[in-house]
Amino acid sequence: MSPAAAEIRAAIRTVLASWSGLVSQERGVARPARDIPALSRFLCRHIDWLTRHPAAGDLMDEIRELARRAHHVAYPDNSRRVPIGYCPVPECEGELVARMRSRDDAQPSEIVCSISPHHSWPATSWTRLARQVRRSQGESA
Ligand SMILES: [Zn+2]
């Protein structure tokens with residue numbers, strides 16, 4: 001396991017253990033074993049109670065952040081970024097960046113908008129996008 005993977009794994013265990021500790025303390029139930037599967041099962045059993053807890057928002061934020069970091073460790077972004085120009089989608093103020101990936105990358109090259117994740121174009125439709133960009137620039141000029 002890479003140091004980054006070990007680190008995020010430890011962070012996940014710490015956060016799950018901390019929330020399990022809160023559940024066991026406030027509900028008066030035994031703490032689960034301190035390993036990720038046991039902690040996850042324990043928290044899932046108490047999820048209805050947790051979602052009504054005043055700190056539910058913090059739990060959500062921490063889990064979301066861990067998921068984001070874990071995803072980044074599992075799928076590092078080795079793409080080269082090339083700025084393209086403004087997003088052609090009406091009303092969008094985003095800028096387009098081409099993420100150029102190598103052929104052996106699991107993810108395809110794509111052009112993405114800096115504002116909306118829904119504004120993205122795979123390499124296969126770049127000619128169509130180029131026409132769209134030219135049209136939108138013609139309209140705004
Ligand atoms: Zn956009």
# chains A, B, ... in the order shown; residues from 1 in each chain; ligands from 1

$ residues_around --residues "A:Ile84" --least-positions-apart "2" --cutoff "7 Å" --atoms "only C-alpha atoms" --output "list in words"
Val82, Leu96, Val97 and Ala98 of chain A

$ residues_near_ligand --ligand "ligand 1" --cutoff "9 Å" --atoms "only C-alpha atoms and all ligand atoms" --output "list in words"
Tyr86, Cys87, Pro88, Val89, Pro90, Glu91, Cys92, Glu93, Gly94, Glu95, Leu96, Val112, Cys113, Ser114, Ile115, Ser116, Pro117, His118, His119 and Ser120 of chain A

$ atom_distance --atom1 "atom CA of A:Ala17" --atom2 "atom CA of A:Glu62"
12.5 Å

$ select_by_dssp --residues "chain A" --states "alpha helix (DSSP H)" --output "ChimeraX atom specification"
/A:3-27,36-45,47-51,56-74,126-140

$ atom_distance --atom1 "atom CA of A:Val73" --atom2 "atom CA of A:Arg99"
18.0 Å

$ residues_around --residues "A:Ser125" --least-positions-apart "4" --cutoff "10 Å" --atoms "only C-alpha atoms" --output "list of chain:residue names"
A:Glu110, A:Ile111, A:Ser120, A:Trp121, A:Leu129, A:Ala130

$ write_last_selection --atoms "N, CA and C atoms" --output "PDB file, in the first residue's frame"
ATOM      1  N   GLU A 110     -10.610  14.905 -21.874  1.00  0.00           N
ATOM      2  CA  GLU A 110     -11.879  15.617 -21.971  1.00  0.00           C
ATOM      3  C   GLU A 110     -11.659  17.102 -21.775  1.00  0.00           C
ATOM      4  N   ILE A 111     -12.648  17.865 -22.202  1.00  0.00           N
ATOM      5  CA  ILE A 111     -12.641  19.301 -21.950  1.00  0.00           C
ATOM      6  C   ILE A 111     -13.709  19.564 -20.899  1.00  0.00           C
ATOM      7  N   SER A 120     -19.049  19.222 -19.913  1.00  0.00           N
ATOM      8  CA  SER A 120     -17.807  18.521 -20.244  1.00  0.00           C
ATOM      9  C   SER A 120     -17.990  17.820 -21.579  1.00  0.00           C
ATOM     10  N   TRP A 121     -16.913  17.733 -22.305  1.00  0.00           N
ATOM     11  CA  TRP A 121     -16.956  17.155 -23.633  1.00  0.00           C
ATOM     12  C   TRP A 121     -15.834  16.137 -23.775  1.00  0.00           C
ATOM     13  N   LEU A 129     -17.679  20.738 -30.370  1.00  0.00           N
ATOM     14  CA  LEU A 129     -17.501  21.773 -29.349  1.00  0.00           C
ATOM     15  C   LEU A 129     -16.838  23.010 -29.965  1.00  0.00           C
ATOM     16  N   ALA A 130     -15.823  22.770 -30.812  1.00  0.00           N
ATOM     17  CA  ALA A 130     -15.111  23.895 -31.438  1.00  0.00           C
ATOM     18  C   ALA A 130     -16.080  24.756 -32.242  1.00  0.00           C
TER      19      ALA A 130
END

$ select_by_dssp --residues "stretch 33-104 of chain A" --states "strand (DSSP E)" --output "PyMOL selection string"
chain A and resi 80-86+95-100

$ write_last_selection --atoms "N, CA, C and O atoms" --output "PDB file, in the first residue's frame"
ATOM      1  N   ARG A  80      -2.509  16.513 -18.238  1.00  0.00           N
ATOM      2  CA  ARG A  80      -1.925  17.802 -18.554  1.00  0.00           C
ATOM      3  C   ARG A  80      -3.104  18.743 -18.802  1.00  0.00           C
ATOM      4  O   ARG A  80      -4.075  18.367 -19.451  1.00  0.00           O
ATOM      5  N   ARG A  81      -3.057  19.962 -18.274  1.00  0.00           N
ATOM      6  CA  ARG A  81      -4.186  20.877 -18.430  1.00  0.00           C
ATOM      7  C   ARG A  81      -3.849  21.994 -19.402  1.00  0.00           C
ATOM      8  O   ARG A  81      -2.834  22.647 -19.255  1.00  0.00           O
ATOM      9  N   VAL A  82      -4.714  22.148 -20.382  1.00  0.00           N
ATOM     10  CA  VAL A  82      -4.508  23.193 -21.382  1.00  0.00           C
ATOM     11  C   VAL A  82      -5.726  24.112 -21.370  1.00  0.00           C
ATOM     12  O   VAL A  82      -6.847  23.666 -21.622  1.00  0.00           O
ATOM     13  N   PRO A  83      -5.526  25.412 -21.058  1.00  0.00           N
ATOM     14  CA  PRO A  83      -6.663  26.330 -21.084  1.00  0.00           C
ATOM     15  C   PRO A  83      -7.155  26.533 -22.502  1.00  0.00           C
ATOM     16  O   PRO A  83      -6.359  26.660 -23.436  1.00  0.00           O
ATOM     17  N   ILE A  84      -8.478  26.552 -22.677  1.00  0.00           N
ATOM     18  CA  ILE A  84      -9.065  26.615 -24.018  1.00  0.00           C
ATOM     19  C   ILE A  84      -9.743  27.952 -24.282  1.00  0.00           C
ATOM     20  O   ILE A  84      -9.647  28.512 -25.358  1.00  0.00           O
ATOM     21  N   GLY A  85     -10.468  28.464 -23.287  1.00  0.00           N
ATOM     22  CA  GLY A  85     -11.233  29.695 -23.512  1.00  0.00           C
ATOM     23  C   GLY A  85     -12.493  29.643 -22.672  1.00  0.00           C
ATOM     24  O   GLY A  85     -12.554  28.904 -21.701  1.00  0.00           O
ATOM     25  N   TYR A  86     -13.491  30.427 -23.071  1.00  0.00           N
ATOM     26  CA  TYR A  86     -14.707  30.495 -22.277  1.00  0.00           C
ATOM     27  C   TYR A  86     -15.679  29.380 -22.622  1.00  0.00           C
ATOM     28  O   TYR A  86     -15.727  28.927 -23.758  1.00  0.00           O
ATOM     29  N   GLU A  95     -14.606  28.774 -17.510  1.00  0.00           N
ATOM     30  CA  GLU A  95     -13.563  28.682 -18.523  1.00  0.00           C
ATOM     31  C   GLU A  95     -13.307  27.216 -18.813  1.00  0.00           C
ATOM     32  O   GLU A  95     -13.411  26.372 -17.927  1.00  0.00           O
ATOM     33  N   LEU A  96     -12.972  26.941 -20.056  1.00  0.00           N
ATOM     34  CA  LEU A  96     -12.742  25.550 -20.453  1.00  0.00           C
ATOM     35  C   LEU A  96     -11.275  25.181 -20.334  1.00  0.00           C
ATOM     36  O   LEU A  96     -10.393  25.974 -20.658  1.00  0.00           O
ATOM     37  N   VAL A  97     -11.035  23.966 -19.843  1.00  0.00           N
ATOM     38  CA  VAL A  97      -9.683  23.433 -19.745  1.00  0.00           C
ATOM     39  C   VAL A  97      -9.697  22.029 -20.334  1.00  0.00           C
ATOM     40  O   VAL A  97     -10.579  21.228 -20.012  1.00  0.00           O
ATOM     41  N   ALA A  98      -8.750  21.750 -21.214  1.00  0.00           N
ATOM     42  CA  ALA A  98      -8.629  20.388 -21.754  1.00  0.00           C
ATOM     43  C   ALA A  98      -7.738  19.588 -20.822  1.00  0.00           C
ATOM     44  O   ALA A  98      -6.649  20.028 -20.475  1.00  0.00           O
ATOM     45  N   ARG A  99      -8.241  18.458 -20.374  1.00  0.00           N
ATOM     46  CA  ARG A  99      -7.430  17.538 -19.570  1.00  0.00           C
ATOM     47  C   ARG A  99      -6.905  16.468 -20.507  1.00  0.00           C
ATOM     48  O   ARG A  99      -7.633  15.577 -20.918  1.00  0.00           O
ATOM     49  N   MET A 100      -5.628  16.602 -20.854  1.00  0.00           N
ATOM     50  CA  MET A 100      -5.028  15.662 -21.794  1.00  0.00           C
ATOM     51  C   MET A 100      -4.428  14.506 -21.005  1.00  0.00           C
ATOM     52  O   MET A 100      -3.544  14.702 -20.187  1.00  0.00           O
TER      53      MET A 100
END

$ atom_distance --atom1 "atom CA of A:Ala56" --atom2 "atom CA of A:Arg27"
15.2 Å

$ residues_around --residues "stretch 29-42 of chain A" --least-positions-apart "4" --cutoff "8 Å" --atoms "only C-alpha atoms" --output "PDB file with N, CA and C atoms, in the first residue's frame"
ATOM      1  N   ILE A  12      -9.591   7.721   7.633  1.00  0.00           N
ATOM      2  CA  ILE A  12     -10.959   7.178   7.588  1.00  0.00           C
ATOM      3  C   ILE A  12     -11.262   6.448   8.904  1.00  0.00           C
ATOM      4  N   ARG A  13     -10.292   5.638   9.357  1.00  0.00           N
ATOM      5  CA  ARG A  13     -10.500   4.884  10.589  1.00  0.00           C
ATOM      6  C   ARG A  13     -10.679   5.850  11.773  1.00  0.00           C
ATOM      7  N   LEU A  16     -14.222   7.514  11.523  1.00  0.00           N
ATOM      8  CA  LEU A  16     -15.293   6.550  11.821  1.00  0.00           C
ATOM      9  C   LEU A  16     -15.279   6.180  13.305  1.00  0.00           C
ATOM     10  N   ALA A  17     -14.074   6.028  13.876  1.00  0.00           N
ATOM     11  CA  ALA A  17     -13.970   5.675  15.300  1.00  0.00           C
ATOM     12  C   ALA A  17     -14.496   6.809  16.166  1.00  0.00           C
ATOM     13  N   SER A  20     -18.243   6.748  15.920  1.00  0.00           N
ATOM     14  CA  SER A  20     -18.733   5.564  16.638  1.00  0.00           C
ATOM     15  C   SER A  20     -18.665   5.806  18.139  1.00  0.00           C
ATOM     16  N   GLY A  21     -17.607   6.502  18.584  1.00  0.00           N
ATOM     17  CA  GLY A  21     -17.457   6.837  20.002  1.00  0.00           C
ATOM     18  C   GLY A  21     -18.600   7.716  20.479  1.00  0.00           C
ATOM     19  N   VAL A  23     -21.633   7.863  19.141  1.00  0.00           N
ATOM     20  CA  VAL A  23     -22.854   7.044  19.168  1.00  0.00           C
ATOM     21  C   VAL A  23     -22.870   6.180  20.422  1.00  0.00           C
ATOM     22  N   SER A  24     -21.749   5.513  20.702  1.00  0.00           N
ATOM     23  CA  SER A  24     -21.731   4.576  21.833  1.00  0.00           C
ATOM     24  C   SER A  24     -21.898   5.331  23.151  1.00  0.00           C
ATOM     25  N   GLN A  25     -21.307   6.527  23.230  1.00  0.00           N
ATOM     26  CA  GLN A  25     -21.423   7.319  24.452  1.00  0.00           C
ATOM     27  C   GLN A  25     -22.854   7.827  24.652  1.00  0.00           C
ATOM     28  N   HIS A  46     -26.767   2.688  13.112  1.00  0.00           N
ATOM     29  CA  HIS A  46     -27.290   3.826  13.862  1.00  0.00           C
ATOM     30  C   HIS A  46     -27.537   5.038  12.962  1.00  0.00           C
TER      31      HIS A  46
END

$ residues_around --residues "A:Ala74" --least-positions-apart "6" --cutoff "12 Å" --atoms "only C-alpha atoms" --output "list in words"
Met1, Ser2, Pro3, Ala4, Ala5, Ala6, Ile8, Arg9, Ala67, Arg68 and Ala106 of chain A

$ residues_around --residues "A:Gln107" --least-positions-apart "4" --cutoff "12 Å" --atoms "only C-alpha atoms" --output "number ranges by chain"
A: 75-79, 99-103, 122-123

$ decode --residues "stretch 63-95 of chain A" --atoms "N, CA, C and O atoms" --output "PDB file, in the first residue's frame"
ATOM      1  N   ILE A  63     -17.251  12.939   6.015  1.00  0.00           N
ATOM      2  CA  ILE A  63     -17.290  11.760   5.143  1.00  0.00           C
ATOM      3  C   ILE A  63     -17.067  12.175   3.685  1.00  0.00           C
ATOM      4  O   ILE A  63     -16.317  11.530   2.943  1.00  0.00           O
ATOM      5  N   ARG A  64     -17.697  13.284   3.289  1.00  0.00           N
ATOM      6  CA  ARG A  64     -17.550  13.757   1.906  1.00  0.00           C
ATOM      7  C   ARG A  64     -16.082  14.094   1.615  1.00  0.00           C
ATOM      8  O   ARG A  64     -15.549  13.741   0.576  1.00  0.00           O
ATOM      9  N   GLU A  65     -15.432  14.778   2.562  1.00  0.00           N
ATOM     10  CA  GLU A  65     -14.039  15.157   2.381  1.00  0.00           C
ATOM     11  C   GLU A  65     -13.136  13.917   2.303  1.00  0.00           C
ATOM     12  O   GLU A  65     -12.227  13.851   1.477  1.00  0.00           O
ATOM     13  N   LEU A  66     -13.405  12.936   3.163  1.00  0.00           N
ATOM     14  CA  LEU A  66     -12.622  11.693   3.124  1.00  0.00           C
ATOM     15  C   LEU A  66     -12.813  10.983   1.791  1.00  0.00           C
ATOM     16  O   LEU A  66     -11.854  10.476   1.205  1.00  0.00           O
ATOM     17  N   ALA A  67     -14.057  10.939   1.314  1.00  0.00           N
ATOM     18  CA  ALA A  67     -14.342  10.272   0.040  1.00  0.00           C
ATOM     19  C   ALA A  67     -13.604  10.969  -1.091  1.00  0.00           C
ATOM     20  O   ALA A  67     -13.034  10.325  -1.973  1.00  0.00           O
ATOM     21  N   ARG A  68     -13.595  12.314  -1.043  1.00  0.00           N
ATOM     22  CA  ARG A  68     -12.903  13.081  -2.080  1.00  0.00           C
ATOM     23  C   ARG A  68     -11.400  12.772  -2.068  1.00  0.00           C
ATOM     24  O   ARG A  68     -10.800  12.508  -3.096  1.00  0.00           O
ATOM     25  N   ARG A  69     -10.810  12.773  -0.853  1.00  0.00           N
ATOM     26  CA  ARG A  69      -9.370  12.503  -0.745  1.00  0.00           C
ATOM     27  C   ARG A  69      -9.036  11.072  -1.165  1.00  0.00           C
ATOM     28  O   ARG A  69      -8.042  10.822  -1.850  1.00  0.00           O
ATOM     29  N   ALA A  70      -9.896  10.116  -0.740  1.00  0.00           N
ATOM     30  CA  ALA A  70      -9.646   8.711  -1.088  1.00  0.00           C
ATOM     31  C   ALA A  70      -9.727   8.507  -2.597  1.00  0.00           C
ATOM     32  O   ALA A  70      -8.909   7.795  -3.188  1.00  0.00           O
ATOM     33  N   HIS A  71     -10.712   9.166  -3.226  1.00  0.00           N
ATOM     34  CA  HIS A  71     -10.856   9.051  -4.673  1.00  0.00           C
ATOM     35  C   HIS A  71      -9.615   9.606  -5.369  1.00  0.00           C
ATOM     36  O   HIS A  71      -9.110   9.028  -6.328  1.00  0.00           O
ATOM     37  N   HIS A  72      -9.093  10.725  -4.836  1.00  0.00           N
ATOM     38  CA  HIS A  72      -7.915  11.344  -5.427  1.00  0.00           C
ATOM     39  C   HIS A  72      -6.689  10.435  -5.301  1.00  0.00           C
ATOM     40  O   HIS A  72      -5.853  10.364  -6.198  1.00  0.00           O
ATOM     41  N   VAL A  73      -6.583   9.719  -4.179  1.00  0.00           N
ATOM     42  CA  VAL A  73      -5.461   8.798  -3.980  1.00  0.00           C
ATOM     43  C   VAL A  73      -5.604   7.584  -4.904  1.00  0.00           C
ATOM     44  O   VAL A  73      -4.647   7.138  -5.534  1.00  0.00           O
ATOM     45  N   ALA A  74      -6.848   7.079  -5.020  1.00  0.00           N
ATOM     46  CA  ALA A  74      -7.084   5.887  -5.848  1.00  0.00           C
ATOM     47  C   ALA A  74      -6.953   6.201  -7.335  1.00  0.00           C
ATOM     48  O   ALA A  74      -6.487   5.371  -8.112  1.00  0.00           O
ATOM     49  N   TYR A  75      -7.387   7.402  -7.730  1.00  0.00           N
ATOM     50  CA  TYR A  75      -7.354   7.784  -9.142  1.00  0.00           C
ATOM     51  C   TYR A  75      -6.636   9.117  -9.297  1.00  0.00           C
ATOM     52  O   TYR A  75      -7.271  10.146  -9.514  1.00  0.00           O
ATOM     53  N   PRO A  76      -5.305   9.130  -9.126  1.00  0.00           N
ATOM     54  CA  PRO A  76      -4.577  10.396  -9.221  1.00  0.00           C
ATOM     55  C   PRO A  76      -4.748  11.011 -10.614  1.00  0.00           C
ATOM     56  O   PRO A  76      -4.853  10.297 -11.607  1.00  0.00           O
ATOM     57  N   ASP A  77      -4.825  12.329 -10.631  1.00  0.00           N
ATOM     58  CA  ASP A  77      -5.021  13.035 -11.890  1.00  0.00           C
ATOM     59  C   ASP A  77      -3.668  13.413 -12.493  1.00  0.00           C
ATOM     60  O   ASP A  77      -3.053  14.385 -12.103  1.00  0.00           O
ATOM     61  N   ASN A  78      -3.213  12.586 -13.445  1.00  0.00           N
ATOM     62  CA  ASN A  78      -1.914  12.845 -14.073  1.00  0.00           C
ATOM     63  C   ASN A  78      -2.084  13.585 -15.396  1.00  0.00           C
ATOM     64  O   ASN A  78      -1.204  13.579 -16.237  1.00  0.00           O
ATOM     65  N   SER A  79      -3.250  14.203 -15.569  1.00  0.00           N
ATOM     66  CA  SER A  79      -3.507  14.827 -16.859  1.00  0.00           C
ATOM     67  C   SER A  79      -2.763  16.148 -16.988  1.00  0.00           C
ATOM     68  O   SER A  79      -2.421  16.787 -16.011  1.00  0.00           O
ATOM     69  N   ARG A  80      -2.509  16.513 -18.238  1.00  0.00           N
ATOM     70  CA  ARG A  80      -1.925  17.802 -18.554  1.00  0.00           C
ATOM     71  C   ARG A  80      -3.104  18.743 -18.802  1.00  0.00           C
ATOM     72  O   ARG A  80      -4.075  18.367 -19.451  1.00  0.00           O
ATOM     73  N   ARG A  81      -3.057  19.962 -18.274  1.00  0.00           N
ATOM     74  CA  ARG A  81      -4.186  20.877 -18.430  1.00  0.00           C
ATOM     75  C   ARG A  81      -3.849  21.994 -19.402  1.00  0.00           C
ATOM     76  O   ARG A  81      -2.834  22.647 -19.255  1.00  0.00           O
ATOM     77  N   VAL A  82      -4.714  22.148 -20.382  1.00  0.00           N
ATOM     78  CA  VAL A  82      -4.508  23.193 -21.382  1.00  0.00           C
ATOM     79  C   VAL A  82      -5.726  24.112 -21.370  1.00  0.00           C
ATOM     80  O   VAL A  82      -6.847  23.666 -21.622  1.00  0.00           O
ATOM     81  N   PRO A  83      -5.526  25.412 -21.058  1.00  0.00           N
ATOM     82  CA  PRO A  83      -6.663  26.330 -21.084  1.00  0.00           C
ATOM     83  C   PRO A  83      -7.155  26.533 -22.502  1.00  0.00           C
ATOM     84  O   PRO A  83      -6.359  26.660 -23.436  1.00  0.00           O
ATOM     85  N   ILE A  84      -8.478  26.552 -22.677  1.00  0.00           N
ATOM     86  CA  ILE A  84      -9.065  26.615 -24.018  1.00  0.00           C
ATOM     87  C   ILE A  84      -9.743  27.952 -24.282  1.00  0.00           C
ATOM     88  O   ILE A  84      -9.647  28.512 -25.358  1.00  0.00           O
ATOM     89  N   GLY A  85     -10.468  28.464 -23.287  1.00  0.00           N
ATOM     90  CA  GLY A  85     -11.233  29.695 -23.512  1.00  0.00           C
ATOM     91  C   GLY A  85     -12.493  29.643 -22.672  1.00  0.00           C
ATOM     92  O   GLY A  85     -12.554  28.904 -21.701  1.00  0.00           O
ATOM     93  N   TYR A  86     -13.491  30.427 -23.071  1.00  0.00           N
ATOM     94  CA  TYR A  86     -14.707  30.495 -22.277  1.00  0.00           C
ATOM     95  C   TYR A  86     -15.679  29.380 -22.622  1.00  0.00           C
ATOM     96  O   TYR A  86     -15.727  28.927 -23.758  1.00  0.00           O
ATOM     97  N   CYS A  87     -16.449  28.960 -21.613  1.00  0.00           N
ATOM     98  CA  CYS A  87     -17.468  27.931 -21.807  1.00  0.00           C
ATOM     99  C   CYS A  87     -18.559  28.483 -22.727  1.00  0.00           C
ATOM    100  O   CYS A  87     -19.027  29.600 -22.529  1.00  0.00           O
ATOM    101  N   PRO A  88     -18.975  27.709 -23.764  1.00  0.00           N
ATOM    102  CA  PRO A  88     -19.973  28.211 -24.715  1.00  0.00           C
ATOM    103  C   PRO A  88     -21.414  28.043 -24.241  1.00  0.00           C
ATOM    104  O   PRO A  88     -22.336  28.499 -24.916  1.00  0.00           O
ATOM    105  N   VAL A  89     -21.616  27.392 -23.106  1.00  0.00           N
ATOM    106  CA  VAL A  89     -22.989  27.179 -22.626  1.00  0.00           C
ATOM    107  C   VAL A  89     -23.585  28.536 -22.216  1.00  0.00           C
ATOM    108  O   VAL A  89     -22.960  29.278 -21.461  1.00  0.00           O
ATOM    109  N   PRO A  90     -24.770  28.873 -22.754  1.00  0.00           N
ATOM    110  CA  PRO A  90     -25.386  30.170 -22.441  1.00  0.00           C
ATOM    111  C   PRO A  90     -25.496  30.405 -20.938  1.00  0.00           C
ATOM    112  O   PRO A  90     -25.805  29.470 -20.199  1.00  0.00           O
ATOM    113  N   GLU A  91     -25.242  31.623 -20.502  1.00  0.00           N
ATOM    114  CA  GLU A  91     -25.323  32.040 -19.108  1.00  0.00           C
ATOM    115  C   GLU A  91     -24.145  31.538 -18.254  1.00  0.00           C
ATOM    116  O   GLU A  91     -23.998  31.944 -17.118  1.00  0.00           O
ATOM    117  N   CYS A  92     -23.302  30.636 -18.771  1.00  0.00           N
ATOM    118  CA  CYS A  92     -22.201  30.104 -17.971  1.00  0.00           C
ATOM    119  C   CYS A  92     -20.983  31.012 -18.120  1.00  0.00           C
ATOM    120  O   CYS A  92     -20.640  31.424 -19.218  1.00  0.00           O
ATOM    121  N   GLU A  93     -20.346  31.332 -16.999  1.00  0.00           N
ATOM    122  CA  GLU A  93     -19.175  32.206 -17.015  1.00  0.00           C
ATOM    123  C   GLU A  93     -17.888  31.420 -16.835  1.00  0.00           C
ATOM    124  O   GLU A  93     -16.838  31.984 -16.551  1.00  0.00           O
ATOM    125  N   GLY A  94     -17.975  30.105 -16.950  1.00  0.00           N
ATOM    126  CA  GLY A  94     -16.822  29.236 -16.714  1.00  0.00           C
ATOM    127  C   GLY A  94     -15.781  29.320 -17.817  1.00  0.00           C
ATOM    128  O   GLY A  94     -16.016  29.873 -18.889  1.00  0.00           O
ATOM    129  N   GLU A  95     -14.606  28.774 -17.510  1.00  0.00           N
ATOM    130  CA  GLU A  95     -13.563  28.682 -18.523  1.00  0.00           C
ATOM    131  C   GLU A  95     -13.307  27.216 -18.813  1.00  0.00           C
ATOM    132  O   GLU A  95     -13.411  26.372 -17.927  1.00  0.00           O
TER     133      GLU A  95
END
